[in-house]
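Colleague: File start-v1.pdb follows (PDB, C-alpha atoms):
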```
ATOM      1  CA  MET A   1     -26.952  20.860 -11.930
ATOM      2  CA  GLY A   2     -29.324  23.079 -13.922
ATOM      3  CA  LYS A   3     -32.333  21.060 -12.801
ATOM      4  CA  LYS A   4     -31.337  21.393  -9.141
ATOM      5  CA  LEU A   5     -30.882  25.143  -9.476
ATOM      6  CA  GLY A   6     -34.257  25.358 -11.198
ATOM      7  CA  THR A   7     -35.959  23.508  -8.360
ATOM      8  CA  VAL A   8     -34.341  25.809  -5.789
ATOM      9  CA  ALA A   9     -35.444  28.876  -7.785
ATOM     10  CA  ILE A  10     -39.054  27.617  -7.954
ATOM     11  CA  VAL A  11     -39.188  26.906  -4.210
ATOM     12  CA  LEU A  12     -37.662  30.283  -3.346
ATOM     13  CA  GLY A  13     -40.010  32.051  -5.750
ATOM     14  CA  ALA A  14     -43.046  30.342  -4.224
ATOM     15  CA  PHE A  15     -41.839  31.328  -0.761
ATOM     16  CA  LEU A  16     -41.579  34.976  -1.842
ATOM     17  CA  LEU A  17     -45.106  34.901  -3.280
ATOM     18  CA  VAL A  18     -46.454  33.501  -0.018
ATOM     19  CA  LEU A  19     -44.513  36.148   1.940
ATOM     20  CA  ALA A  20     -45.933  38.888  -0.289
ATOM     21  CA  ALA A  21     -49.486  37.644   0.279
ATOM     22  CA  LEU A  22     -49.004  37.288   4.054
ATOM     23  CA  SER A  23     -47.500  40.769   4.254
ATOM     24  CA  LYS A  24     -50.367  42.366   2.362
ATOM     25  CA  PHE A  25     -53.337  40.477   3.764
ATOM     26  CA  TYR A  26     -52.213  39.241   7.195
ATOM     27  CA  MET A  27     -49.308  41.169   8.709
ATOM     28  CA  TYR A  28     -50.598  44.611   7.706
ATOM     29  CA  ASP A  29     -54.009  44.078   9.319
ATOM     30  CA  ARG A  30     -52.327  43.113  12.594
ATOM     31  CA  LEU A  31     -49.941  46.055  12.650
ATOM     32  CA  ALA A  32     -52.303  48.759  11.369
ATOM     33  CA  VAL A  33     -54.182  49.050  14.674
ATOM     34  CA  VAL A  34     -54.040  51.577  17.511
ATOM     35  CA  PRO A  35     -52.584  50.394  20.839
ATOM     36  CA  LEU A  36     -54.898  49.733  23.762
ATOM     37  CA  ASN A  37     -52.479  51.222  26.319
ATOM     38  CA  GLN A  38     -51.971  54.603  24.618
ATOM     39  CA  GLU A  39     -50.359  57.368  26.708
ATOM     40  CA  THR A  40     -49.776  60.789  25.126
ATOM     41  CA  THR A  41     -49.807  64.474  26.004
ATOM     42  CA  SER A  42     -50.166  67.211  23.401
ATOM     43  CA  ILE A  43     -49.895  70.971  23.805
ATOM     44  CA  SER A  44     -51.684  73.654  21.770
ATOM     45  CA  ALA A  45     -51.125  77.348  22.359
ATOM     46  CA  THR A  46     -51.611  80.787  20.909
ATOM     47  CA  GLU A  47     -48.627  81.982  18.891
ATOM     48  CA  GLU A  48     -45.840  83.631  20.827
ATOM     49  CA  GLY A  49     -46.767  87.279  21.378
ATOM     50  CA  ALA A  50     -50.416  86.707  20.411
ATOM     51  CA  ASP A  51     -53.382  86.853  22.778
ATOM     52  CA  GLY A  52     -56.801  85.320  22.810
ATOM     53  CA  THR A  53     -59.959  86.955  24.115
ATOM     54  CA  ILE A  54     -61.970  85.401  26.933
ATOM     55  CA  LEU A  55     -64.931  86.481  29.019
ATOM     56  CA  ASP A  56     -63.652  87.032  32.553
ATOM     57  CA  ILE A  57     -66.643  85.886  34.631
ATOM     58  CA  PRO A  58     -65.051  86.361  38.098
ATOM     59  CA  GLY A  59     -63.862  89.764  36.953
ATOM     60  CA  GLY A  60     -67.396  90.945  36.267
ATOM     61  CA  LEU A  61     -68.175  89.590  32.779
ATOM     62  CA  VAL A  62     -65.594  91.697  31.003
ATOM     63  CA  GLU A  63     -63.567  90.752  27.946
ATOM     64  CA  LYS A  64     -59.941  89.994  28.728
ATOM     65  CA  GLN A  65     -56.953  89.537  26.416
ATOM     66  CA  THR A  66     -54.462  86.855  27.416
ATOM     67  CA  PRO A  67     -52.292  84.113  25.877
ATOM     68  CA  LEU A  68     -53.865  80.659  26.122
ATOM     69  CA  LYS A  69     -52.612  77.085  26.345
ATOM     70  CA  SER A  70     -54.552  73.858  25.925
ATOM     71  CA  THR A  71     -53.163  70.601  27.342
ATOM     72  CA  ARG A  72     -54.603  67.290  26.200
ATOM     73  CA  THR A  73     -53.765  63.972  27.830
ATOM     74  CA  VAL A  74     -54.846  60.614  26.418
ATOM     75  CA  GLN A  75     -54.867  57.372  28.401
ATOM     76  CA  GLY A  76     -55.902  54.025  26.923
ATOM     77  CA  ASP A  77     -57.933  51.687  29.135
ATOM     78  CA  VAL A  78     -57.082  48.054  28.335
ATOM     79  CA  GLU A  79     -59.857  46.485  30.430
ATOM     80  CA  MET A  80     -62.573  48.764  29.039
ATOM     81  CA  SER A  81     -61.258  48.085  25.523
ATOM     82  CA  LYS A  82     -61.598  44.335  25.992
ATOM     83  CA  GLU A  83     -65.062  44.771  27.502
ATOM     84  CA  ALA A  84     -66.242  46.957  24.623
ATOM     85  CA  SER A  85     -64.737  44.593  22.028
ATOM     86  CA  ASP A  86     -66.522  41.604  23.574
ATOM     87  CA  GLU A  87     -69.870  43.394  23.785
ATOM     88  CA  LEU A  88     -69.710  44.864  20.280
ATOM     89  CA  ASP A  89     -67.996  41.830  18.677
ATOM     90  CA  ARG A  90     -65.410  44.009  16.927
ATOM     91  CA  ASP A  91     -61.871  45.248  17.558
ATOM     92  CA  VAL A  92     -62.409  48.367  19.680
ATOM     93  CA  ALA A  93     -60.145  50.650  21.706
ATOM     94  CA  VAL A  94     -61.366  52.788  24.598
ATOM     95  CA  TRP A  95     -59.322  55.883  25.356
ATOM     96  CA  LYS A  96     -59.880  58.496  28.032
ATOM     97  CA  THR A  97     -58.933  62.082  27.245
ATOM     98  CA  PHE A  98     -58.787  65.231  29.355
ATOM     99  CA  VAL A  99     -58.465  68.673  27.765
ATOM    100  CA  CYS A 100     -57.645  71.643  29.975
ATOM    101  CA  THR A 101     -57.525  75.203  28.585
ATOM    102  CA  ASP A 102     -56.287  78.235  30.520
ATOM    103  CA  THR A 103     -53.419  80.701  30.650
ATOM    104  CA  PRO A 104     -49.878  79.301  30.117
ATOM    105  CA  ASP A 105     -49.025  79.500  33.832
ATOM    106  CA  PHE A 106     -52.095  77.502  34.921
ATOM    107  CA  ASP A 107     -51.378  74.022  36.311
ATOM    108  CA  CYS A 108     -53.963  71.598  34.936
ATOM    109  CA  GLY A 109     -53.032  69.070  37.610
ATOM    110  CA  SER A 110     -53.511  71.448  40.516
ATOM    111  CA  GLY A 111     -57.171  70.677  41.089
ATOM    112  CA  ASP A 112     -58.167  74.292  40.471
ATOM    113  CA  THR A 113     -60.943  75.034  37.978
ATOM    114  CA  PRO A 114     -59.606  75.994  34.528
ATOM    115  CA  LEU A 115     -61.273  78.350  32.071
ATOM    116  CA  ALA A 116     -62.521  75.317  30.131
ATOM    117  CA  SER A 117     -62.142  71.568  30.482
ATOM    118  CA  THR A 118     -63.503  68.405  28.896
ATOM    119  CA  TYR A 119     -63.157  64.782  29.944
ATOM    120  CA  ASP A 120     -64.295  62.117  27.459
ATOM    121  CA  ILE A 121     -64.318  58.336  27.393
ATOM    122  CA  VAL A 122     -64.454  57.311  23.742
ATOM    123  CA  ALA A 123     -64.774  53.889  22.105
ATOM    124  CA  PHE A 124     -63.561  53.655  18.514
ATOM    125  CA  ASP A 125     -62.583  51.141  15.854
ATOM    126  CA  ARG A 126     -58.883  50.246  16.131
ATOM    127  CA  HIS A 127     -58.448  50.162  12.348
ATOM    128  CA  THR A 128     -60.580  53.030  11.009
ATOM    129  CA  GLY A 129     -60.351  55.359  14.021
ATOM    130  CA  GLU A 130     -64.101  55.948  13.762
ATOM    131  CA  ALA A 131     -66.058  56.326  16.998
ATOM    132  CA  VAL A 132     -68.555  53.570  17.831
ATOM    133  CA  SER A 133     -71.607  53.590  20.071
ATOM    134  CA  TRP A 134     -71.030  51.860  23.416
ATOM    135  CA  ASP A 135     -72.700  52.148  26.820
ATOM    136  CA  GLY A 136     -69.416  52.916  28.600
ATOM    137  CA  THR A 137     -68.713  56.179  26.775
ATOM    138  CA  ARG A 138     -69.385  59.520  28.434
ATOM    139  CA  THR A 139     -68.416  63.176  28.347
ATOM    140  CA  GLU A 140     -67.875  65.666  31.142
ATOM    141  CA  SER A 141     -67.644  69.337  30.269
ATOM    142  CA  ASN A 142     -67.084  72.028  32.890
ATOM    143  CA  GLY A 143     -68.563  69.885  35.650
ATOM    144  CA  THR A 144     -71.553  68.452  33.768
ATOM    145  CA  THR A 145     -71.447  64.718  32.984
ATOM    146  CA  VAL A 146     -73.598  62.939  30.405
ATOM    147  CA  ARG A 147     -73.325  59.607  28.655
ATOM    148  CA  GLY A 148     -71.718  60.339  25.344
ATOM    149  CA  SER A 149     -72.587  59.040  21.923
ATOM    150  CA  PHE A 150     -69.642  59.970  19.735
ATOM    151  CA  GLU A 151     -69.440  59.722  15.958
ATOM    152  CA  GLY A 152     -66.959  60.249  13.142
ATOM    153  CA  GLN A 153     -63.193  60.478  13.587
ATOM    154  CA  TYR A 154     -62.199  61.549  17.081
ATOM    155  CA  PHE A 155     -58.533  60.930  17.977
ATOM    156  CA  LYS A 156     -57.208  60.147  14.523
ATOM    157  CA  PHE A 157     -57.985  59.370  10.908
ATOM    158  CA  PRO A 158     -58.004  55.855   9.381
ATOM    159  CA  PHE A 159     -54.858  53.948   8.581
ATOM    160  CA  ASP A 160     -54.221  54.569   4.870
ATOM    161  CA  THR A 161     -56.071  57.902   4.925
ATOM    162  CA  LYS A 162     -57.396  58.923   1.511
ATOM    163  CA  LYS A 163     -57.611  62.318  -0.177
ATOM    164  CA  LYS A 164     -61.308  62.672   0.563
ATOM    165  CA  ASP A 165     -63.593  64.245   3.167
ATOM    166  CA  TYR A 166     -64.137  62.630   6.592
ATOM    167  CA  GLU A 167     -66.627  63.302   9.368
ATOM    168  CA  PHE A 168     -64.750  64.681  12.402
ATOM    169  CA  TRP A 169     -66.121  65.085  15.930
ATOM    170  CA  ASP A 170     -66.607  68.518  17.489
ATOM    171  CA  GLY A 171     -67.097  68.420  21.254
ATOM    172  CA  THR A 172     -68.834  71.780  21.526
ATOM    173  CA  ILE A 173     -71.728  71.120  19.156
ATOM    174  CA  LYS A 174     -71.649  67.395  20.055
ATOM    175  CA  GLN A 175     -71.683  66.091  16.505
ATOM    176  CA  ALA A 176     -69.391  65.227  13.612
ATOM    177  CA  THR A 177     -69.172  67.529  10.608
ATOM    178  CA  PRO A 178     -67.108  67.259   7.390
ATOM    179  CA  ALA A 179     -63.350  67.748   7.550
ATOM    180  CA  LYS A 180     -62.632  68.469   3.893
ATOM    181  CA  PHE A 181     -59.408  67.474   2.163
ATOM    182  CA  VAL A 182     -57.445  70.582   1.171
ATOM    183  CA  LYS A 183     -53.996  69.587  -0.057
ATOM    184  CA  GLU A 184     -50.909  67.424   0.377
ATOM    185  CA  THR A 185     -47.946  69.115   2.055
ATOM    186  CA  GLU A 186     -44.995  68.414   4.382
ATOM    187  CA  LEU A 187     -44.225  68.951   8.066
ATOM    188  CA  GLU A 188     -40.719  68.309   9.395
ATOM    189  CA  GLY A 189     -39.982  66.380   6.205
ATOM    190  CA  MET A 190     -43.028  64.114   6.629
ATOM    191  CA  LYS A 191     -45.799  63.932   4.032
ATOM    192  CA  VAL A 192     -49.177  64.993   5.431
ATOM    193  CA  TYR A 193     -52.699  65.541   4.138
ATOM    194  CA  GLN A 194     -54.342  68.761   5.281
ATOM    195  CA  PHE A 195     -58.045  68.797   6.163
ATOM    196  CA  GLU A 196     -60.241  71.766   7.083
ATOM    197  CA  GLN A 197     -63.369  71.609   9.229
ATOM    198  CA  VAL A 198     -65.557  74.715   9.319
ATOM    199  CA  ILE A 199     -68.209  75.049  12.027
ATOM    200  CA  GLU A 200     -70.597  77.847  11.092
ATOM    201  CA  PRO A 201     -72.041  79.983  13.933
ATOM    202  CA  THR A 202     -74.203  77.620  15.993
ATOM    203  CA  LYS A 203     -76.318  78.151  19.099
ATOM    204  CA  THR A 204     -75.080  75.799  21.811
ATOM    205  CA  GLY A 205     -77.193  76.938  24.776
ATOM    206  CA  THR A 206     -78.311  79.910  26.818
ATOM    207  CA  ILE A 207     -77.047  81.770  29.882
ATOM    208  CA  ALA A 208     -78.507  84.370  32.245
ATOM    209  CA  VAL A 209     -76.480  87.593  32.254
ATOM    210  CA  PRO A 210     -76.947  91.038  33.780
ATOM    211  CA  GLY A 211     -79.190  93.316  31.726
ATOM    212  CA  THR A 212     -76.452  95.930  31.688
ATOM    213  CA  LEU A 213     -74.332  93.618  29.541
ATOM    214  CA  ALA A 214     -77.096  93.683  26.924
ATOM    215  CA  GLY A 215     -77.707  97.423  27.383
ATOM    216  CA  VAL A 216     -81.187  97.006  28.873
ATOM    217  CA  SER A 217     -82.676  97.915  32.246
ATOM    218  CA  ASN A 218     -83.786  94.377  33.173
ATOM    219  CA  PRO A 219     -81.841  92.921  36.120
ATOM    220  CA  THR A 220     -81.057  89.805  34.053
ATOM    221  CA  VAL A 221     -81.655  88.625  30.522
ATOM    222  CA  THR A 222     -81.208  85.315  28.766
ATOM    223  CA  ALA A 223     -78.478  85.382  26.134
ATOM    224  CA  ASP A 224     -77.712  82.746  23.520
ATOM    225  CA  ARG A 225     -74.315  81.058  23.439
ATOM    226  CA  ILE A 226     -72.956  81.107  19.877
ATOM    227  CA  TYR A 227     -69.972  79.067  18.733
ATOM    228  CA  SER A 228     -67.985  78.887  15.494
ATOM    229  CA  ASN A 229     -64.677  77.311  14.612
ATOM    230  CA  THR A 230     -62.276  76.613  11.759
ATOM    231  CA  ARG A 231     -60.099  73.587  12.431
ATOM    232  CA  LEU A 232     -57.020  72.618  10.397
ATOM    233  CA  LEU A 233     -55.766  69.040  10.719
ATOM    234  CA  ASN A 234     -52.495  67.846   9.177
ATOM    235  CA  VAL A 235     -52.643  64.056   8.992
ATOM    236  CA  GLU A 236     -49.899  61.539   8.208
ATOM    237  CA  PRO A 237     -51.799  59.295   5.754
ATOM    238  CA  THR A 238     -50.151  55.909   6.420
ATOM    239  CA  THR A 239     -50.981  55.890  10.147
ATOM    240  CA  GLY A 240     -53.820  58.443  10.186
ATOM    241  CA  VAL A 241     -52.118  60.264  13.072
ATOM    242  CA  ILE A 242     -52.758  64.004  13.410
ATOM    243  CA  ILE A 243     -49.283  65.573  13.235
ATOM    244  CA  ARG A 244     -50.460  69.141  13.712
ATOM    245  CA  GLY A 245     -53.891  70.303  14.767
ATOM    246  CA  GLY A 246     -55.027  73.880  15.067
ATOM    247  CA  GLU A 247     -58.234  75.827  15.377
ATOM    248  CA  THR A 248     -59.492  79.389  15.197
ATOM    249  CA  GLN A 249     -62.444  79.596  17.552
ATOM    250  CA  ASP A 250     -64.935  82.408  17.956
ATOM    251  CA  GLY A 251     -67.620  82.223  20.618
ATOM    252  CA  TRP A 252     -69.924  84.974  21.834
ATOM    253  CA  LEU A 253     -73.117  85.858  23.678
ATOM    254  CA  GLU A 254     -76.011  87.091  21.618
ATOM    255  CA  TYR A 255     -79.145  88.922  22.767
ATOM    256  CA  GLN A 256     -82.015  89.594  20.370
ATOM    257  CA  GLY A 257     -79.721  88.948  17.429
ATOM    258  CA  GLU A 258     -76.968  91.292  18.637
ATOM    259  CA  ARG A 259     -73.498  90.246  19.785
ATOM    260  CA  ILE A 260     -73.078  91.579  23.315
ATOM    261  CA  ALA A 261     -69.867  89.883  24.522
ATOM    262  CA  THR A 262     -67.079  87.616  23.319
ATOM    263  CA  THR A 263     -66.723  84.414  25.340
ATOM    264  CA  THR A 264     -63.720  82.946  23.493
ATOM    265  CA  GLU A 265     -61.831  84.220  20.479
ATOM    266  CA  ALA A 266     -58.451  82.632  19.874
ATOM    267  CA  SER A 267     -56.234  80.718  17.460
ATOM    268  CA  LEU A 268     -54.422  77.753  18.986
ATOM    269  CA  GLN A 269     -52.301  75.077  17.338
ATOM    270  CA  TYR A 270     -49.848  72.343  18.318
ATOM    271  CA  THR A 271     -46.518  73.747  19.397
ATOM    272  CA  ASP A 272     -43.498  73.236  17.132
ATOM    273  CA  GLN A 273     -41.935  70.921  19.713
ATOM    274  CA  ASN A 274     -45.135  68.879  19.851
ATOM    275  CA  VAL A 275     -45.062  68.485  16.060
ATOM    276  CA  LYS A 276     -41.398  67.458  16.054
ATOM    277  CA  ASP A 277     -41.933  64.904  18.823
ATOM    278  CA  THR A 278     -44.890  63.371  16.975
ATOM    279  CA  VAL A 279     -42.935  63.118  13.715
ATOM    280  CA  ASP A 280     -40.027  61.466  15.529
ATOM    281  CA  GLU A 281     -42.367  59.009  17.246
ATOM    282  CA  TYR A 282     -44.222  57.859  14.129
ATOM    283  CA  SER A 283     -41.543  57.987  11.402
ATOM    284  CA  SER A 284     -40.407  54.393  12.002
ATOM    285  CA  LYS A 285     -43.970  53.053  12.044
ATOM    286  CA  VAL A 286     -44.717  54.854   8.777
ATOM    287  CA  THR A 287     -41.677  53.178   7.186
ATOM    288  CA  LEU A 288     -42.662  49.748   8.538
ATOM    289  CA  LEU A 289     -46.303  49.967   7.426
ATOM    290  CA  ASN A 290     -45.344  51.245   3.969
ATOM    291  CA  ALA A 291     -42.906  48.367   3.579
ATOM    292  CA  ILE A 292     -45.462  45.756   4.670
ATOM    293  CA  GLN A 293     -48.313  47.253   2.658
ATOM    294  CA  THR A 294     -46.449  48.096  -0.562
ATOM    295  CA  TRP A 295     -42.761  47.303  -0.980
ATOM    296  CA  ILE A 296     -42.623  43.779   0.432
ATOM    297  CA  PRO A 297     -45.742  42.587  -1.457
ATOM    298  CA  LEU A 298     -44.652  44.262  -4.699
ATOM    299  CA  GLY A 299     -41.012  43.167  -4.438
ATOM    300  CA  GLY A 300     -41.990  39.656  -3.359
ATOM    301  CA  LEU A 301     -44.467  39.338  -6.233
ATOM    302  CA  ILE A 302     -42.035  40.501  -8.914
ATOM    303  CA  LEU A 303     -38.995  38.597  -7.651
ATOM    304  CA  GLY A 304     -41.066  35.503  -6.896
ATOM    305  CA  LEU A 305     -42.485  35.372 -10.427
ATOM    306  CA  VAL A 306     -39.043  35.952 -11.931
ATOM    307  CA  LEU A 307     -37.516  33.130  -9.889
ATOM    308  CA  ILE A 308     -40.354  30.733 -10.679
ATOM    309  CA  GLY A 309     -40.066  31.538 -14.392
ATOM    310  CA  LEU A 310     -36.303  31.053 -14.331
ATOM    311  CA  GLY A 311     -36.677  27.824 -12.386
ATOM    312  CA  VAL A 312     -39.190  26.423 -14.861
ATOM    313  CA  VAL A 313     -36.834  27.211 -17.745
ATOM    314  CA  LEU A 314     -33.933  25.472 -16.008
ATOM    315  CA  VAL A 315     -35.982  22.400 -15.077
ATOM    316  CA  LEU A 316     -37.486  21.950 -18.549
ATOM    317  CA  ARG A 317     -34.352  22.738 -20.536
ATOM    318  CA  LYS A 318     -33.265  19.627 -22.504
ATOM    319  CA  ARG A 319     -29.793  18.274 -22.005
ATOM    320  CA  PRO A 320     -27.755  16.944 -24.986
ATOM    321  CA  GLU A 321     -28.441  13.301 -25.909
ATOM    322  CA  GLY A 322     -25.953  10.784 -24.507
ATOM    323  CA  GLY A 323     -24.846   9.586 -27.977
ATOM    324  CA  GLU A 324     -24.201  13.095 -29.188
ATOM    325  CA  ARG A 325     -22.134  13.821 -26.101
ATOM    326  CA  ARG A 326     -20.043  10.600 -26.639
ATOM    327  CA  ALA A 327     -19.511  11.416 -30.315
ATOM    328  CA  THR A 328     -18.452  14.885 -29.446
ATOM    329  CA  ASP A 329     -16.079  13.586 -26.785
ATOM    330  CA  GLU A 330     -14.623  11.072 -29.302
ATOM    331  CA  ARG A 331     -13.972  13.786 -31.902
ATOM    332  CA  VAL A 332     -12.266  15.868 -29.273
ATOM    333  CA  ARG A 333      -9.971  12.935 -28.310
ATOM    334  CA  THR A 334      -9.233  12.036 -31.962
ATOM    335  CA  THR A 335      -8.352  15.600 -32.789
ATOM    336  CA  ALA A 336      -6.145  15.783 -29.761
TER     337      ALA A 336
END
```
Would you mind writing the file's structure down as structure tokens?

Modeller:
Amino acid sequence: MGKKLGTVAIVLGAFLLVLAALSKFYMYDRLAVVPLNQETTSISATEEGADGTILDIPGGLVEKQTPLKSTRTVQGDVEMSKEASDELDRDVAVWKTFVCTDTPDFDCGSGDTPLASTYDIVAFDRHTGEAVSWDGTRTESNGTTVRGSFEGQYFKFPFDTKKKDYEFWDGTIKQATPAKFVKETELEGMKVYQFEQVIEPTKTGTIAVPGTLAGVSNPTVTADRIYSNTRLLNVEPTTGVIIRGGETQDGWLEYQGERIATTTEASLQYTDQNVKDTVDEYSSKVTLLNAIQTWIPLGGLILGLVLIGLGVVLVLRKRPEGGERRATDERVRTTA
């Protein structure tokens, strides 16, 4: 009986070791990928009661205070993803994203021109979240379309995000700059890593403006567009999903080294409802990935080794010799 139990324990232990290895090195790699058919909408806005500053061009290039809302939609393209993966010989997702920024009552789907808008087609690695170079990518900003060459993290951070700095894409300066790890904290009961990306004042172009705006008599002058931003990103580390994003942007026009008008000055971040919805959506996937990456491999390894060890002991344990057993049985009968 002991030998049979030992054999069962060894087989079960071996099975658990195989399951632990498959979970760690096979199942995790197939689950820790972004979907090709992604569909999401996120909302960022100025805090309730707070205004941003914009340059009202139709109103005569005057600064205007108003609350702002930014709506971002993301749509995965399955066919483009397969095409990019085949051409690049790697597992790639292609997502299209449209960002529309205006006042809270503006309808981004109305066809009217918003204060600012960006439409990007981005190819990125399904595991690391890092943008890759592909001929099908492009960016359209306020009516101007160019083929894009994105870099760094764009939509998300890697699965199993570490407490280190990552390069993160900024669409205004068209390059990735460091998003530095700040601290570990919690949002809606979920553990997140906070990263900060600081864009120092950068010239992004020029624009012709009336001389009166610069305080000179010339009919028009050429002013520099200056942009700066501080972006805070709260990332769930298991999935790399951005749970809350926010930025404090300051843009202005500069003439001969002097600031002559503010183009955009505002602090926007994901709404509380947006954060809650994202936490609710990804909580189960966080639990599943943690189990497959850590608890199943660790539990399977420990229990598997214990069972194999116990099984070996049971199989190798010597049984009493037949003569000794008969003598013992005889003494028991004689005594009885």

Colleague: Please measure the separation of CA of Glu130 in chain A and CA of Ala266 in chain A, giving the value in Å to one decimal.

Modeller: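 It comes out at 28.0 Å.
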
Colleague: If we count only C-alpha atoms and set the cut-off at 10 Å, which residues sit around range 239-245 of chain A, ignoring sequence neighbours fewer than 6 positions away in its own chain? Please answer as a PyMOL selection string.

Modeller: chain A and resi 32-34+42-44+127-129+155-162+187-188+190-195+231-233+268-272+274-279+282-283+285-286+289-290

Colleague: Go ahead and compute the interatomic distance for CA of Ala131 in chain A and CA of Phe150 in chain A, in Å to one decimal.

Modeller: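 Between CA of Ala131 in chain A and CA of Phe150 in chain A the gap is 5.8 Å.
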
Colleague: Given the choices A:Ala179, A:Val122, A:Val146, A:Val99, which gets closest to Thr71 in chain A if the distance is worked out from all atoms listed in the file?

Modeller: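 When distances to Thr71 in chain A are compared using all atoms listed in the file, the smallest one comes from A:Val99.
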
Colleague: For the structure provided, state which residues fall under the PyMOL selection byres ((chain A and resi 51) around 9), and present them as a list in words.

Modeller: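 Selected by the PyMOL selection byres ((chain A and resi 51) around 9) here: Thr46, Glu47, Glu48, Gly49, Ala50, Gly52, Thr53, Gln65, Thr66, Pro67, Leu68, Ala266 and Ser267 of chain A.
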
Colleague: Taking the file above as input, evaluate the PyMOL selection byres ((chain A and resi 206) around 9) and report the hits as a list in words.

Modeller: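 Against this file, the PyMOL selection byres ((chain A and resi 206) around 9) returns the residues Lys203, Thr204, Gly205, Ile207, Ala208, Thr222, Ala223, Asp224, Arg225, Ile226 and Leu253 of chain A.
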
Colleague: Could you jot down the CA of Val94 in chain A to CA of Gln175 in chain A separation for me, Å, one decimal place?

Modeller: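 If I compute the distance from CA of Val94 in chain A to CA of Gln175 in chain A, I get 18.7 Å.
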
Colleague: Let me make sure I understand: among A:Asn234, A:Val216, A:Pro114, A:Pro210, which one has the smallest atom-to-atom distance to Phe181 in chain A if we use only C-alpha atoms?

Modeller: A:Asn234

Colleague: Determine the residue set returned by the PyMOL selection byres ((chain A and resi 299) around 12) for the present structure, and present it as a list in words.

Modeller: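 Taken on the displayed file, the PyMOL selection byres ((chain A and resi 299) around 12) yields the residues Gly13, Leu16, Leu17, Val18, Leu19, Ala20, Ala21, Ser23, Lys24, Ala291, Ile292, Gln293, Thr294, Trp295, Ile296, Pro297, Leu298, Gly300, Leu301, Ile302, Leu303, Gly304, Leu305, Val306 and Leu307 of chain A.
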
Colleague: As lines of an AutoDock Vina configuration file, what would the box around range 202-215 of chain A look like: edges along x, y and z, 6 Å added on every side, centre and edge lengths in Å to one decimal?

Modeller:
```
center_x = -76.7
center_y = 86.6
center_z = 24.9
size_x = 17.0
size_y = 33.6
size_z = 29.8
```

Colleague: Fewer than 6 positions away in the same chain doesn't count, so skip those; otherwise give me all residues within 7 Å of Ile260 in chain A, counting all atoms listed in the file, as a PyMOL selection string.

Modeller: chain A and resi 213-214+253-254

Colleague: Now that the selection is made, can you save its residues with C-alpha atoms as a CSV table (one decimal), keeping the file's coordinate frame?

Modeller:
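out.csv written:
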```csv
chain,number,residue,atom,x,y,z
A,213,LEU,CA,-74.3,93.6,29.5
A,214,ALA,CA,-77.1,93.7,26.9
A,253,LEU,CA,-73.1,85.9,23.7
A,254,GLU,CA,-76.0,87.1,21.6
```
